>>> print(open('run-v4.txt').read())   # compact mmCIF, C-alpha atoms
# COMPACT_ATOMS: atom_id res chain seq x y z
CA MET A 320 106.87 40.78 -10.35
CA ILE A 321 106.74 39.00 -7.02
CA ASN A 322 105.02 35.62 -6.94
CA ARG A 323 102.78 35.59 -3.87
CA LEU A 324 102.01 32.28 -2.18
CA ALA A 325 98.94 31.29 -0.20
CA LEU A 326 99.72 28.26 1.93
CA PHE A 327 96.67 26.09 2.69
CA ALA A 328 97.00 23.97 5.84
CA SER A 329 94.81 21.95 8.19
CA GLY A 330 97.26 20.61 10.77
CA SER A 331 100.52 21.27 12.55
CA GLY A 332 102.14 23.36 9.84
CA THR A 333 105.70 22.05 9.80
CA ASN A 334 105.76 22.35 6.01
CA VAL A 335 104.24 25.84 6.26
CA GLU A 336 107.03 26.99 8.57
CA ASN A 337 109.67 25.31 6.41
CA ILE A 338 108.36 26.97 3.22
CA PHE A 339 108.05 30.35 4.94
CA ASN A 340 111.64 30.18 6.20
CA TYR A 341 112.93 29.02 2.81
CA PHE A 342 111.53 32.08 1.02
CA ILE A 343 112.62 34.72 3.56
CA GLY A 344 114.66 37.26 1.63
CA ASN A 345 113.66 35.86 -1.78
CA ASN A 346 112.91 38.80 -4.10
CA GLN A 347 110.84 36.69 -6.52
CA ILE A 348 108.67 34.54 -4.24
CA LYS A 349 106.98 35.53 -0.99
CA VAL A 350 104.67 33.73 1.42
CA GLU A 351 101.75 36.14 1.65
CA ILE A 352 99.17 34.34 3.77
CA ILE A 353 98.07 31.06 5.33
CA LEU A 354 94.55 29.77 4.80
CA CYS A 355 93.30 27.27 7.34
CA ASN A 356 90.02 25.38 7.66
CA ASN A 357 90.61 24.08 11.21
CA LYS A 358 90.26 26.46 14.17
CA ASP A 359 92.24 24.05 16.38
CA ALA A 360 95.17 23.59 13.98
CA VAL A 361 98.65 24.16 15.41
CA VAL A 362 99.55 25.97 12.18
CA LEU A 363 97.62 29.01 13.50
CA LYS A 364 100.00 29.23 16.48
CA ARG A 365 102.92 28.96 14.07
CA ALA A 366 101.44 31.76 11.95
CA LYS A 367 101.20 34.04 14.99
CA ARG A 368 104.74 33.22 16.09
CA LEU A 369 106.13 33.78 12.58
CA LYS A 370 103.99 36.91 12.14
CA ILE A 371 102.34 35.56 8.98
CA GLN A 372 98.82 36.78 8.29
CA TYR A 373 96.25 34.00 8.24
CA PHE A 374 92.66 33.53 7.20
CA LEU A 375 90.59 30.99 9.10
CA PHE A 376 87.56 29.78 7.19
CA ASP A 377 84.88 27.14 7.46
CA SER A 378 84.99 25.07 4.28
CA LEU A 379 81.25 24.39 4.61
CA LEU A 380 80.19 28.01 5.16
CA THR A 381 82.72 29.99 3.10
CA SER A 382 81.89 29.99 -0.59
CA ASP A 383 84.44 29.28 -3.29
CA GLU A 384 83.76 32.78 -4.66
CA GLU A 385 84.63 34.36 -1.30
CA ILE A 386 87.92 32.47 -1.15
CA ILE A 387 88.80 33.39 -4.75
CA LYS A 388 87.93 37.05 -4.11
CA PHE A 389 90.06 37.03 -0.96
CA LEU A 390 93.03 35.41 -2.75
CA LYS A 391 92.81 37.90 -5.60
CA SER A 392 92.65 40.80 -3.12
CA LYS A 393 95.99 39.56 -1.75
CA LYS A 394 97.40 39.28 -5.31
CA ILE A 395 98.06 35.56 -4.81
CA THR A 396 99.72 33.92 -7.80
CA HIS A 397 100.12 30.36 -6.47
CA ILE A 398 98.47 28.12 -3.89
CA ILE A 399 100.61 25.61 -2.01
CA LEU A 400 98.88 22.79 -0.15
CA ALA A 401 101.00 22.14 2.91
CA GLY A 402 99.05 19.57 4.87
CA TYR A 403 95.62 20.65 3.64
CA LEU A 404 93.14 17.78 3.81
CA LYS A 405 90.15 18.98 1.79
CA LEU A 406 89.56 18.60 -1.93
CA ILE A 407 90.13 21.91 -3.72
CA PRO A 408 86.89 23.01 -5.42
CA LYS A 409 86.70 23.19 -9.22
CA LYS A 410 86.18 26.98 -9.27
CA ILE A 411 89.39 27.59 -7.34
CA ILE A 412 91.29 25.19 -9.61
CA GLU A 413 89.97 27.02 -12.67
CA ASN A 414 91.04 30.40 -11.26
CA PHE A 415 94.53 29.11 -10.39
CA ASP A 416 95.02 26.75 -13.33
CA GLN A 417 98.42 24.98 -13.12
CA LYS A 418 99.23 27.13 -10.07
CA ILE A 419 98.22 24.85 -7.20
CA ILE A 420 100.90 22.51 -5.87
CA ASN A 421 100.50 19.68 -3.37
CA ILE A 422 102.86 17.28 -1.64
CA HIS A 423 101.88 13.69 -0.92
CA PRO A 424 103.77 11.41 1.52
CA ALA A 425 104.01 8.42 -0.84
CA LEU A 426 104.98 7.55 -4.39
CA LEU A 427 101.85 8.23 -6.41
CA PRO A 428 99.84 6.79 -8.02
CA LYS A 429 100.01 4.20 -5.22
CA PHE A 430 98.59 5.11 -1.81
CA GLY A 431 96.79 8.24 -2.98
CA GLY A 432 93.22 9.41 -3.09
CA LYS A 433 90.53 10.31 -0.60
CA GLY A 434 91.43 9.27 2.94
CA TYR A 435 95.11 8.71 2.21
CA TYR A 436 97.01 11.23 4.32
CA GLY A 437 99.56 11.25 7.12
CA ASP A 438 100.00 8.06 9.11
CA LYS A 439 97.24 6.31 7.14
CA VAL A 440 99.50 6.44 4.09
CA HIS A 441 102.53 5.12 5.96
CA ALA A 442 100.53 2.30 7.55
CA SER A 443 99.21 1.25 4.13
CA VAL A 444 102.69 1.34 2.60
CA LEU A 445 104.08 -0.86 5.38
CA GLU A 446 101.12 -3.28 5.30
CA SER A 447 101.64 -3.70 1.56
CA LYS A 448 105.26 -4.75 2.13
CA GLU A 449 106.55 -2.09 -0.27
CA LEU A 450 110.32 -1.87 -0.71
CA PHE A 451 110.25 1.91 -1.23
CA SER A 452 108.25 4.92 -0.21
CA GLY A 453 108.86 8.61 -0.70
CA ILE A 454 107.23 11.88 -1.64
CA THR A 455 105.35 13.12 -4.67
CA ILE A 456 105.00 16.81 -5.47
CA HIS A 457 102.26 17.40 -8.01
CA LEU A 458 99.88 19.90 -9.52
CA VAL A 459 96.32 19.79 -8.25
CA ASN A 460 93.33 18.85 -10.37
CA GLU A 461 89.74 18.00 -9.43
CA ASN A 462 90.64 14.57 -7.99
CA TYR A 463 92.69 13.76 -4.92
CA ASP A 464 96.35 13.12 -5.79
CA GLU A 465 95.85 12.76 -9.55
CA GLY A 466 97.42 15.96 -10.90
CA LYS A 467 100.54 16.07 -13.06
CA ILE A 468 103.58 14.84 -11.13
CA LEU A 469 106.36 17.42 -10.90
CA PHE A 470 108.83 15.51 -8.72
CA GLN A 471 109.25 12.26 -6.81
CA LYS A 472 111.96 11.17 -4.39
CA LYS A 473 112.07 7.64 -3.09
CA ILE A 474 113.68 6.04 -0.07
CA LYS A 475 114.21 2.41 0.83
CA ILE A 476 111.99 1.00 3.54
CA ASP A 477 113.93 -0.85 6.21
CA SER A 478 112.54 -4.09 7.64
CA GLU A 479 112.40 -2.53 11.10
CA ASP A 480 110.53 0.61 9.96
CA THR A 481 107.34 1.50 11.81
CA VAL A 482 104.73 4.11 10.95
CA ALA A 483 106.59 6.54 13.22
CA THR A 484 110.06 5.93 11.73
CA LEU A 485 108.75 6.02 8.16
CA SER A 486 106.84 9.22 8.91
CA LYS A 487 110.01 10.83 10.22
CA LYS A 488 111.96 9.86 7.08
CA ILE A 489 109.20 11.19 4.83
CA HIS A 490 109.00 14.49 6.74
CA LYS A 491 112.72 14.92 6.24
CA LEU A 492 112.25 14.51 2.46
CA GLU A 493 109.31 16.92 2.47
CA HIS A 494 111.30 19.60 4.24
CA GLU A 495 114.31 19.15 1.98
CA TYR A 496 112.55 19.09 -1.38
CA PHE A 497 109.13 20.78 -1.19
CA PRO A 498 110.31 24.42 -1.09
CA GLN A 499 112.97 23.76 -3.74
CA ILE A 500 110.49 22.22 -6.17
CA VAL A 501 107.94 24.98 -5.53
CA GLU A 502 110.61 27.55 -6.34
CA LYS A 503 111.81 25.75 -9.46
CA TYR A 504 108.27 25.28 -10.76
CA ILE A 505 107.26 28.90 -10.18
CA LEU A 506 110.45 30.21 -11.82
CA ASN A 507 110.13 27.78 -14.77
CA LYS A 508 113.35 25.96 -13.83
CA LEU A 509 111.92 22.50 -13.31
>>> encode(input="run-v4.txt", output="C-alpha cells")
Amino acid sequence: MINRLALFASGSGTNVENIFNYFIGNNQIKVEIILCNNKDAVVLKRAKRLKIQYFLFDSLLTSDEEIIKFLKSKKITHIILAGYLKLIPKKIIENFDQKIINIHPALLPKFGGKGYYGDKVHASVLESKELFSGITIHLVNENYDEGKILFQKKIKIDSEDTVATLSKKIHKLEHEYFPQIVEKYILNKL
C-alpha cells in the first residue's frame, strides 16, 4: 500500500518542495496533493512548476466535510502541515487521527501556540535571551502546537544572531529533518 500525503501550506512552500523532492521515487510514500488556503501563496507557483496537483480553498467558505470528502477521494493517508497557519478543525483531526504531522520552528512547549509562527517565533526566542532554539516535529491535536512530540533538534544561539540568521539556521534544520521524520513515523520506524 502506498501512503499518500496531502501537504497543507499557506506560504512560500520551501518545505513543500523539499518534502516532494525527498519522496520522489519512494515506492511507499507519495506526495499526492497540496492544499492551500491562500490564493496569493508562492507555494501555488511551486506546485505548478513541480507539476503537483493542488486544491485552493477558502477556510471560511469550504466546510470541513468537503475537505474530508476531497482528501478521501484522493486516498490520502496522512496530512503534513508544511507552513500551514490555520488551526486544523476537530472533524479533520478525528478523520486522520494520529496521521497529521506539523513542524514548528522552536523547541516546544516554549514559543508555541496561536500567533507563534515564522519570524514572530524567532523574535520571541531572541528577546527571551534563550541559549538554544531548534525545531519540533509533532502530531496535531485540537490546540496549536500541543500534540505529541515526535522529534526535536536544537541548535545553539550565537550572541550575534538576528531574526534573519536564526531563521536561516532553523530552515536548514527543517529541510534536513522534516522529511526524514515524516518517513520514519509513517513507516513505524521512529
>>> closest_residue(input="run-v4.txt", among="A:Leu469, A:Glu385, A:Asn337, A:Phe451", to="A:Lys508", atoms="all atoms listed in the file")
A:Leu469
>>> closest_atom_pairs(input="run-v4.txt", of="stretch 384-494 of chain A", to="stretch 346-367 of chain A", cutoff="8 Å", atoms="all atoms listed in the file", output="CSV")
residue,atom,partner,partner_atom,distance
A:Lys393,CA,A:Glu351,CA,7.5
A:Ile395,CA,A:Glu351,CA,7.5
A:Tyr403,CA,A:Cys355,CA,7.9
>>> residues_around(input="run-v4.txt", residues="stretch 433-444 of chain A", least_positions_apart="2", cutoff="6 Å", atoms="all atoms listed in the file", output="list in words")
Gly431, Glu446, Ser447, Glu449, Tyr463 and Val482 of chain A
>>> residues_around(input="run-v4.txt", residues="A:Asn462", least_positions_apart="5", cutoff="10 Å", atoms="only C-alpha atoms", output="list in words")
Leu406, Ile407, Pro408, Lys409, Gly432 and Lys433 of chain A
>>> closest_residue(input="run-v4.txt", among="A:Ile489, A:Ile338, A:Ile371, A:Ile419", to="A:Leu458", atoms="only C-alpha atoms")
A:Ile419
>>> closest_residue(input="run-v4.txt", among="A:Leu509, A:Lys418, A:Gln499, A:Lys467", to="A:Phe342", atoms="only C-alpha atoms")
A:Gln499
>>> atom_distance(input="run-v4.txt", atom1="atom CA of A:Lys391", atom2="atom CA of A:Ile456")
24.4 Å
>>> residues_around(input="run-v4.txt", residues="A:Gln471", least_positions_apart="2", cutoff="7 Å", atoms="only C-alpha atoms", output="list in words")
Leu426, Ile454, Thr455, Ile456 and Lys473 of chain A
>>> closest_residue(input="run-v4.txt", among="A:Phe415, A:Tyr341, A:Tyr504, A:Tyr373", to="A:Val459", atoms="all atoms listed in the file")
A:Phe415
>>> atom_distance(input="run-v4.txt", atom1="atom CA of A:Phe430", atom2="atom CA of A:Asp377")
27.6 Å
>>> atom_distance(input="run-v4.txt", atom1="atom CA of A:Phe327", atom2="atom CA of A:Leu400")
4.9 Å
>>> residues_near_point(input="run-v4.txt", point="(106.5, 13.0, 11.9)", cutoff="12 Å", atoms="only C-alpha atoms", output="list in words")
Ser331, Gly332, Thr333, Asn334, Pro424, Gly437, Asp438, His441, Thr481, Val482, Ala483, Thr484, Leu485, Ser486, Lys487, Lys488, Ile489, His490, Lys491, Leu492, Glu493 and His494 of chain A
>>> write_last_selection(input="run-v4.txt", atoms="C-alpha atoms", output="mmCIF file, in the frame of the given file")
data_model
loop_
_atom_site.group_PDB
_atom_site.id
_atom_site.type_symbol
_atom_site.label_atom_id
_atom_site.label_comp_id
_atom_site.auth_asym_id
_atom_site.auth_seq_id
_atom_site.Cartn_x
_atom_site.Cartn_y
_atom_site.Cartn_z
ATOM 1 C CA SER A 331 100.520 21.270 12.550
ATOM 2 C CA GLY A 332 102.140 23.360 9.840
ATOM 3 C CA THR A 333 105.700 22.050 9.800
ATOM 4 C CA ASN A 334 105.760 22.350 6.010
ATOM 5 C CA PRO A 424 103.770 11.410 1.520
ATOM 6 C CA GLY A 437 99.560 11.250 7.120
ATOM 7 C CA ASP A 438 100.000 8.060 9.110
ATOM 8 C CA HIS A 441 102.530 5.120 5.960
ATOM 9 C CA THR A 481 107.340 1.500 11.810
ATOM 10 C CA VAL A 482 104.730 4.110 10.950
ATOM 11 C CA ALA A 483 106.590 6.540 13.220
ATOM 12 C CA THR A 484 110.060 5.930 11.730
ATOM 13 C CA LEU A 485 108.750 6.020 8.160
ATOM 14 C CA SER A 486 106.840 9.220 8.910
ATOM 15 C CA LYS A 487 110.010 10.830 10.220
ATOM 16 C CA LYS A 488 111.960 9.860 7.080
ATOM 17 C CA ILE A 489 109.200 11.190 4.830
ATOM 18 C CA HIS A 490 109.000 14.490 6.740
ATOM 19 C CA LYS A 491 112.720 14.920 6.240
ATOM 20 C CA LEU A 492 112.250 14.510 2.460
ATOM 21 C CA GLU A 493 109.310 16.920 2.470
ATOM 22 C CA HIS A 494 111.300 19.600 4.240
#
>>> closest_residue(input="run-v4.txt", among="A:Gly330, A:Leu375, A:Leu404, A:Val501", to="A:Phe389", atoms="only C-alpha atoms")
A:Leu375
>>> closest_residue(input="run-v4.txt", among="A:Glu461, A:Gly466, A:Lys394, A:Ala328", to="A:Phe374", atoms="only C-alpha atoms")
A:Ala328
>>> residues_around(input="run-v4.txt", residues="A:Glu384", least_positions_apart="4", cutoff="10 Å", atoms="only C-alpha atoms", output="ChimeraX atom specification")
/A:388-390,410-411
>>> build_atoms(input="run-v4.txt", residues="stretch 350-361 of chain A", atoms="N, CA, C and O atoms", output="tab-separated table (two decimals), in the coordinates of the input")
chain	number	residue	atom	x	y	z
A	350	VAL	N	105.85	34.30	0.77
A	350	VAL	CA	104.67	33.73	1.42
A	350	VAL	C	103.82	34.90	1.90
A	350	VAL	O	104.25	35.70	2.73
A	351	GLU	N	102.63	35.00	1.35
A	351	GLU	CA	101.75	36.14	1.65
A	351	GLU	C	100.80	35.84	2.80
A	351	GLU	O	100.55	36.69	3.65
A	352	ILE	N	100.23	34.64	2.79
A	352	ILE	CA	99.17	34.34	3.77
A	352	ILE	C	99.00	32.83	3.93
A	352	ILE	O	99.35	32.07	3.03
A	353	ILE	N	98.45	32.45	5.08
A	353	ILE	CA	98.07	31.06	5.33
A	353	ILE	C	96.55	31.00	5.37
A	353	ILE	O	95.92	31.84	6.01
A	354	LEU	N	95.98	30.03	4.70
A	354	LEU	CA	94.55	29.77	4.80
A	354	LEU	C	94.37	28.45	5.52
A	354	LEU	O	95.02	27.46	5.18
A	355	CYS	N	93.49	28.45	6.52
A	355	CYS	CA	93.30	27.27	7.34
A	355	CYS	C	91.81	27.02	7.56
A	355	CYS	O	91.06	27.96	7.80
A	356	ASN	N	91.42	25.77	7.49
A	356	ASN	CA	90.02	25.38	7.66
A	356	ASN	C	89.77	24.69	9.00
A	356	ASN	O	88.73	24.09	9.19
A	357	ASN	N	90.72	24.79	9.93
A	357	ASN	CA	90.61	24.08	11.21
A	357	ASN	C	91.00	25.03	12.34
A	357	ASN	O	92.17	25.34	12.51
A	358	LYS	N	90.01	25.47	13.11
A	358	LYS	CA	90.26	26.46	14.17
A	358	LYS	C	91.21	25.94	15.25
A	358	LYS	O	91.80	26.73	15.98
A	359	ASP	N	91.37	24.63	15.37
A	359	ASP	CA	92.24	24.05	16.38
A	359	ASP	C	93.63	23.67	15.84
A	359	ASP	O	94.43	23.07	16.57
A	360	ALA	N	93.90	24.00	14.61
A	360	ALA	CA	95.17	23.59	13.98
A	360	ALA	C	96.36	24.33	14.61
A	360	ALA	O	96.32	25.54	14.83
A	361	VAL	N	97.42	23.59	14.85
A	361	VAL	CA	98.65	24.16	15.41
A	361	VAL	C	99.27	25.17	14.45
A	361	VAL	O	99.96	26.10	14.87
